[in-house]
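This report concerns only the one structure given below.
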Amino acid sequence: MEKVVSGIRPTGNLHLGNYFGAVKSFVKMQDDYDCMFFIADWHSLTTHPKPGDIQQSARTILAEYLACGIDPKKAPIYVQSDVRETIELYLYLNMNMYLGELERVTTFKEKARKQPDNVNAGLLTYPTLMAADILQHRAAKVPVGKDQEQNMEMARKCARRFNNIYGVEFFPEPQNFYFSDKAIKIPGLDGSGKMGKSEGNCIYLRDDDKTISKKVMKAVTDEGPKTPNSPRPEVIENLFTFLRIVSDDETYRYFDEKWNDCTLRYGDLKKQIAADLCKVVAPIREQIEYYSANTDLLDRIAREGAEVARASAQATINEVRRIIGFRV
Ligand code: TRP
């Protein structure tokens, strides 16, 4: 089975956009590939040198991914900083990466602009650390968003360069695996095209029924349908997108007809969406609560994940040391 590795940024709680995007893809992939997932807590130091309770943030993410259906038996999930082998590979790879090419990475330029007082070497070598995350498992595929294209190109460069310098065919070039093409895009309910943290319009998997209903009922609409069978403006289509995702076909058809014959009342539509959405989120929320209350269990899952990852990384590092000429 092909090896798949992906890193998760520990940036707060999962929302519906994450769930129907990356998370559901991960859950599906664990059946078809030899998957490993990790929480990228080292990477977070590049922008947050004093990260606060870093272990608790990792537990939060872990609890949420498990609640969504990541099965550690199929896909070990670990915390990046638990597998120190990565750093050794990071060092070797950095020896072959050049200042100029690292400076040209757009995410670096963006972050350097955002934090001009903290343009640290870790930020510059972020792509190398990411390459080490991937190459230490000699992964074939990496599920990432479109924003990671350049980092993935750098990871392939790292692999290629190592192979060329030492005259080996050791590292496979990891391929991007875009889930965004297949994933459902969740719109914002505030009139913006997309649900996202920076948009401040998220429905979180941790939200209770009341919070979810409130957020749905506040969704932006217009004065209502006026001409039969007219196309729907974006904010209304956004509501129908929700309906399509969380409700059954019959319900969708019912409201679609109401729109077409201009008898649709948005209040009814929102109530339906809220009720059906709560049905999707409630069992996940309960699982999040279950895992969050079981710190020991979470820590055990992370420890076991790290053991699998460490074994995989050690095998790679030993081979790399041998190739370079170090004692193994
Ligand atoms: N850079 C990725 C992001 O911002 C996170 C990440 C770190 C990652 N290491 C990785 C993703 C390795 C895939 C593989 O989302």
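Letters A, B, ... go to the chains of the structure tokens in the order shown; residues in each chain start at 1; ligands are counted from 1 in the same order.
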
To check your reading of the model: which residues sit at most 6 Å from ligand 1 when counting only C-alpha atoms and all ligand atoms? Write the answer as a PDB file with all heavy atoms, in the first residue's frame.
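What follows is the written file part_7.pdb:
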ATOM      1  N   VAL A   5       1.447  10.623   4.235  1.00  0.00           N
ATOM      2  CA  VAL A   5       1.747  11.340   5.476  1.00  0.00           C
ATOM      3  C   VAL A   5       1.172  12.736   5.374  1.00  0.00           C
ATOM      4  O   VAL A   5       1.241  13.356   4.312  1.00  0.00           O
ATOM      5  CB  VAL A   5       3.274  11.433   5.708  1.00  0.00           C
ATOM      6  CG1 VAL A   5       3.592  12.364   6.862  1.00  0.00           C
ATOM      7  CG2 VAL A   5       3.862  10.061   5.979  1.00  0.00           C
ATOM      8  N   SER A   6       0.574  13.210   6.464  1.00  0.00           N
ATOM      9  CA  SER A   6       0.194  14.611   6.453  1.00  0.00           C
ATOM     10  C   SER A   6       0.287  15.227   7.837  1.00  0.00           C
ATOM     11  O   SER A   6       0.098  14.560   8.844  1.00  0.00           O
ATOM     12  CB  SER A   6      -1.200  14.831   5.887  1.00  0.00           C
ATOM     13  OG  SER A   6      -1.318  16.196   5.524  1.00  0.00           O
ATOM     14  N   GLY A   7       0.614  16.507   7.853  1.00  0.00           N
ATOM     15  CA  GLY A   7       0.747  17.263   9.097  1.00  0.00           C
ATOM     16  C   GLY A   7      -0.461  18.149   9.314  1.00  0.00           C
ATOM     17  O   GLY A   7      -1.056  18.649   8.360  1.00  0.00           O
ATOM     18  N   ILE A   8      -0.787  18.329  10.578  1.00  0.00           N
ATOM     19  CA  ILE A   8      -1.936  19.144  10.954  1.00  0.00           C
ATOM     20  C   ILE A   8      -1.435  20.311  11.784  1.00  0.00           C
ATOM     21  O   ILE A   8      -0.735  20.107  12.772  1.00  0.00           O
ATOM     22  CB  ILE A   8      -2.919  18.304  11.808  1.00  0.00           C
ATOM     23  CG1 ILE A   8      -3.389  17.074  11.032  1.00  0.00           C
ATOM     24  CG2 ILE A   8      -4.073  19.158  12.283  1.00  0.00           C
ATOM     25  CD1 ILE A   8      -3.848  15.937  11.938  1.00  0.00           C
ATOM     26  N   ARG A   9      -1.776  21.516  11.328  1.00  0.00           N
ATOM     27  CA  ARG A   9      -1.388  22.692  12.109  1.00  0.00           C
ATOM     28  C   ARG A   9      -2.241  22.780  13.369  1.00  0.00           C
ATOM     29  O   ARG A   9      -3.470  22.707  13.283  1.00  0.00           O
ATOM     30  CB  ARG A   9      -1.656  23.955  11.279  1.00  0.00           C
ATOM     31  CG  ARG A   9      -0.402  24.570  10.729  1.00  0.00           C
ATOM     32  CD  ARG A   9      -0.756  25.716   9.831  1.00  0.00           C
ATOM     33  NE  ARG A   9      -1.549  25.254   8.687  1.00  0.00           N
ATOM     34  CZ  ARG A   9      -2.160  26.069   7.838  1.00  0.00           C
ATOM     35  NH1 ARG A   9      -2.116  27.369   8.020  1.00  0.00           N
ATOM     36  NH2 ARG A   9      -2.842  25.594   6.808  1.00  0.00           N
ATOM     37  N   ALA A  40       1.660  19.178  13.914  1.00  0.00           N
ATOM     38  CA  ALA A  40       2.918  19.883  13.627  1.00  0.00           C
ATOM     39  C   ALA A  40       3.214  20.956  14.677  1.00  0.00           C
ATOM     40  O   ALA A  40       3.148  22.148  14.407  1.00  0.00           O
ATOM     41  CB  ALA A  40       2.861  20.478  12.219  1.00  0.00           C
ATOM     42  N   MET A 130       9.279  20.537   6.879  1.00  0.00           N
ATOM     43  CA  MET A 130       8.145  19.842   6.276  1.00  0.00           C
ATOM     44  C   MET A 130       8.625  18.688   5.392  1.00  0.00           C
ATOM     45  O   MET A 130       8.040  17.602   5.396  1.00  0.00           O
ATOM     46  CB  MET A 130       7.297  20.843   5.482  1.00  0.00           C
ATOM     47  CG  MET A 130       6.077  20.236   4.847  1.00  0.00           C
ATOM     48  SD  MET A 130       4.851  21.498   4.453  1.00  0.00           S
ATOM     49  CE  MET A 130       3.913  20.631   3.207  1.00  0.00           C
ATOM     50  N   ASP A 133       9.557  15.865   7.617  1.00  0.00           N
ATOM     51  CA  ASP A 133       8.337  15.188   8.089  1.00  0.00           C
ATOM     52  C   ASP A 133       7.898  14.108   7.103  1.00  0.00           C
ATOM     53  O   ASP A 133       7.473  13.022   7.480  1.00  0.00           O
ATOM     54  CB  ASP A 133       7.157  16.179   8.167  1.00  0.00           C
ATOM     55  CG  ASP A 133       7.315  17.224   9.246  1.00  0.00           C
ATOM     56  OD1 ASP A 133       7.951  16.934  10.264  1.00  0.00           O
ATOM     57  OD2 ASP A 133       6.787  18.348   9.044  1.00  0.00           O
ATOM     58  N   ILE A 134       7.997  14.457   5.839  1.00  0.00           N
ATOM     59  CA  ILE A 134       7.476  13.582   4.792  1.00  0.00           C
ATOM     60  C   ILE A 134       8.497  12.512   4.416  1.00  0.00           C
ATOM     61  O   ILE A 134       8.185  11.328   4.354  1.00  0.00           O
ATOM     62  CB  ILE A 134       7.121  14.431   3.540  1.00  0.00           C
ATOM     63  CG1 ILE A 134       6.044  15.462   3.882  1.00  0.00           C
ATOM     64  CG2 ILE A 134       6.685  13.538   2.388  1.00  0.00           C
ATOM     65  CD1 ILE A 134       5.916  16.580   2.856  1.00  0.00           C
ATOM     66  N   VAL A 142       0.994  13.078  -0.227  1.00  0.00           N
ATOM     67  CA  VAL A 142       0.751  13.979   0.891  1.00  0.00           C
ATOM     68  C   VAL A 142      -0.542  14.752   0.644  1.00  0.00           C
ATOM     69  O   VAL A 142      -0.610  15.570  -0.270  1.00  0.00           O
ATOM     70  CB  VAL A 142       1.927  14.979   1.055  1.00  0.00           C
ATOM     71  CG1 VAL A 142       1.699  15.874   2.264  1.00  0.00           C
ATOM     72  CG2 VAL A 142       3.249  14.243   1.181  1.00  0.00           C
ATOM     73  N   VAL A 144      -2.703  17.625   0.991  1.00  0.00           N
ATOM     74  CA  VAL A 144      -2.529  19.022   1.421  1.00  0.00           C
ATOM     75  C   VAL A 144      -3.478  19.929   0.646  1.00  0.00           C
ATOM     76  O   VAL A 144      -3.996  19.547  -0.395  1.00  0.00           O
ATOM     77  CB  VAL A 144      -1.091  19.546   1.159  1.00  0.00           C
ATOM     78  CG1 VAL A 144      -0.113  19.018   2.174  1.00  0.00           C
ATOM     79  CG2 VAL A 144      -0.646  19.228  -0.261  1.00  0.00           C
TER      80      VAL A 144
END

Expressed in Å to a single decimal, how great is the separation between CA of Tyr291 (chain A) and CA of Ile184 (chain A)?
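Between these atoms lies a distance of 26.5 Å.
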
At a cut-off of 10 Å, can you tabulate as a Markdown table every residue of region 221-256 of chain A near region 187-207 of chain A together with its closest atom pair and the distance in Å to one decimal, using only C-alpha atoms and ordering rows by chain then number?
| residue | atom | partner | partner_atom | distance |
| --- | --- | --- | --- | --- |
| A:Thr221 | CA | A:Gly191 | CA | 8.1 |
| A:Glu234 | CA | A:Gly191 | CA | 7.7 |
| A:Val235 | CA | A:Gly191 | CA | 5.4 |
| A:Ile236 | CA | A:Gly191 | CA | 9.0 |
| A:Glu237 | CA | A:Pro187 | CA | 9.4 |
| A:Asn238 | CA | A:Pro187 | CA | 5.9 |
| A:Leu239 | CA | A:Leu189 | CA | 7.4 |
| A:Thr241 | CA | A:Pro187 | CA | 7.7 |
| A:Phe242 | CA | A:Pro187 | CA | 8.1 |

DSSP says alpha helix (DSSP H) for which residues of region 1-158 of chain A? Put them as a PyMOL selection string?
chain A and resi 16-18+24-32+41-44+54-68+85-94+99-103+106-114+121-124+126-135+149-158

Selection: 10 Å around Gly224 (chain A), only C-alpha atoms, excl. self and same-chain fewer than 6 positions, as a list in words:
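Contacts, with the query itself left out: Arg232, Ile236, Trp259, Cys262, Thr263, Leu264, Arg265 and Tyr266 of chain A.
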
Contacts of Ile70 (chain A) at 10 Å (only C-alpha atoms; same-chain gap of 3+ positions) as JSON, numbers by chain:
{"A": [23, 24, 26, 27, 28, 29, 30, 37, 62, 63, 64, 65, 66, 67, 73, 74, 75, 76, 77]}

Which neighbours of region 120-125 of chain A fall inside 7 Å, counting only C-alpha atoms, when residues of the same chain fewer than 4 positions from it are skipped, and could you give them as a PDB file with all heavy atoms, in the first residue's frame?
ATOM      1  N   THR A  46       7.649  28.554  14.753  1.00  0.00           N
ATOM      2  CA  THR A  46       8.178  29.557  13.817  1.00  0.00           C
ATOM      3  C   THR A  46       7.435  30.881  13.923  1.00  0.00           C
ATOM      4  O   THR A  46       8.002  31.939  13.721  1.00  0.00           O
ATOM      5  CB  THR A  46       8.088  29.079  12.348  1.00  0.00           C
ATOM      6  OG1 THR A  46       6.722  28.816  12.030  1.00  0.00           O
ATOM      7  CG2 THR A  46       8.901  27.809  12.123  1.00  0.00           C
ATOM      8  N   LEU A 102      14.997  29.410  -0.506  1.00  0.00           N
ATOM      9  CA  LEU A 102      14.129  29.439   0.676  1.00  0.00           C
ATOM     10  C   LEU A 102      13.477  30.812   0.842  1.00  0.00           C
ATOM     11  O   LEU A 102      12.316  30.922   1.230  1.00  0.00           O
ATOM     12  CB  LEU A 102      14.925  29.063   1.934  1.00  0.00           C
ATOM     13  CG  LEU A 102      15.351  27.591   2.036  1.00  0.00           C
ATOM     14  CD1 LEU A 102      16.420  27.406   3.103  1.00  0.00           C
ATOM     15  CD2 LEU A 102      14.151  26.680   2.312  1.00  0.00           C
ATOM     16  N   GLU A 103      14.245  31.845   0.511  1.00  0.00           N
ATOM     17  CA  GLU A 103      13.719  33.210   0.619  1.00  0.00           C
ATOM     18  C   GLU A 103      12.610  33.484  -0.396  1.00  0.00           C
ATOM     19  O   GLU A 103      11.801  34.371  -0.196  1.00  0.00           O
ATOM     20  CB  GLU A 103      14.849  34.230   0.408  1.00  0.00           C
ATOM     21  CG  GLU A 103      15.671  34.474   1.655  1.00  0.00           C
ATOM     22  CD  GLU A 103      16.871  35.375   1.390  1.00  0.00           C
ATOM     23  OE1 GLU A 103      17.348  35.431   0.227  1.00  0.00           O
ATOM     24  OE2 GLU A 103      17.333  36.009   2.340  1.00  0.00           O
ATOM     25  N   PHE A 108       6.958  32.105   3.205  1.00  0.00           N
ATOM     26  CA  PHE A 108       8.021  32.754   3.983  1.00  0.00           C
ATOM     27  C   PHE A 108       7.916  34.268   3.844  1.00  0.00           C
ATOM     28  O   PHE A 108       7.930  34.999   4.829  1.00  0.00           O
ATOM     29  CB  PHE A 108       9.412  32.279   3.546  1.00  0.00           C
ATOM     30  CG  PHE A 108      10.533  33.096   4.138  1.00  0.00           C
ATOM     31  CD1 PHE A 108      10.858  32.956   5.475  1.00  0.00           C
ATOM     32  CD2 PHE A 108      11.218  34.025   3.357  1.00  0.00           C
ATOM     33  CE1 PHE A 108      11.864  33.735   6.037  1.00  0.00           C
ATOM     34  CE2 PHE A 108      12.222  34.804   3.926  1.00  0.00           C
ATOM     35  CZ  PHE A 108      12.549  34.657   5.257  1.00  0.00           C
ATOM     36  N   LEU A 129      11.840  21.498   7.165  1.00  0.00           N
ATOM     37  CA  LEU A 129      11.256  20.691   8.242  1.00  0.00           C
ATOM     38  C   LEU A 129      10.076  19.889   7.708  1.00  0.00           C
ATOM     39  O   LEU A 129       9.912  18.710   8.013  1.00  0.00           O
ATOM     40  CB  LEU A 129      10.819  21.601   9.414  1.00  0.00           C
ATOM     41  CG  LEU A 129      10.240  20.887  10.642  1.00  0.00           C
ATOM     42  CD1 LEU A 129      11.180  19.818  11.176  1.00  0.00           C
ATOM     43  CD2 LEU A 129       9.908  21.894  11.748  1.00  0.00           C
TER      44      LEU A 129
END

Identify, on the basis of only C-alpha atoms, every residue whose closest approach to Asp208 (chain A) does not exceed 12 Å; exclude the query and any residue fewer than 2 positions from it along the same chain; express the result as a PyMOL selection string.
chain A and resi 203-206+210-215+274-275+277-286+288-289

Using Å and a single decimal, report how far CA of Arg156 (chain A) sits from CA of Pro174 (chain A).
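So the answer is 6.1 Å.
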
Find the residues around Lys146 (chain A) up to 12 Å (only C-alpha atoms counted), leave out those fewer than 4 positions away in its own chain, and share them as a list in words.
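Answer for this query is Ala22, Val142, Gln150, Asn151, Met152, Glu153, Asn176, Phe177, Tyr178, Phe179, Ser180 and Asp181 of chain A.
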
Select, from A:Pro10, A:Pro172, A:Pro51, A:Pro233, the residue with the minimum atom-to-atom distance to Ile39 (chain A), counting only C-alpha atoms.
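Under the stated criterion, the closest residue is A:Pro10.
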
CA of Leu99 (chain A) and CA of Val4 (chain A), how far apart in Å?
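Distance reported for this atom pair: 28.8 Å.
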
Residue among A:Pro225, A:Gly21, A:Gly52, A:Pro72 lying closest to Ala309 (chain A), counting only C-alpha atoms:
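Looking only at the distances to Ala309 (chain A), the closest residue turns out to be A:Pro72.
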
Pull the strand (DSSP E or B) assignments for region 159-202 of chain A out of DSSP run on the backbone, and list those residues as a VMD selection string.
chain A and resid 175 to 178
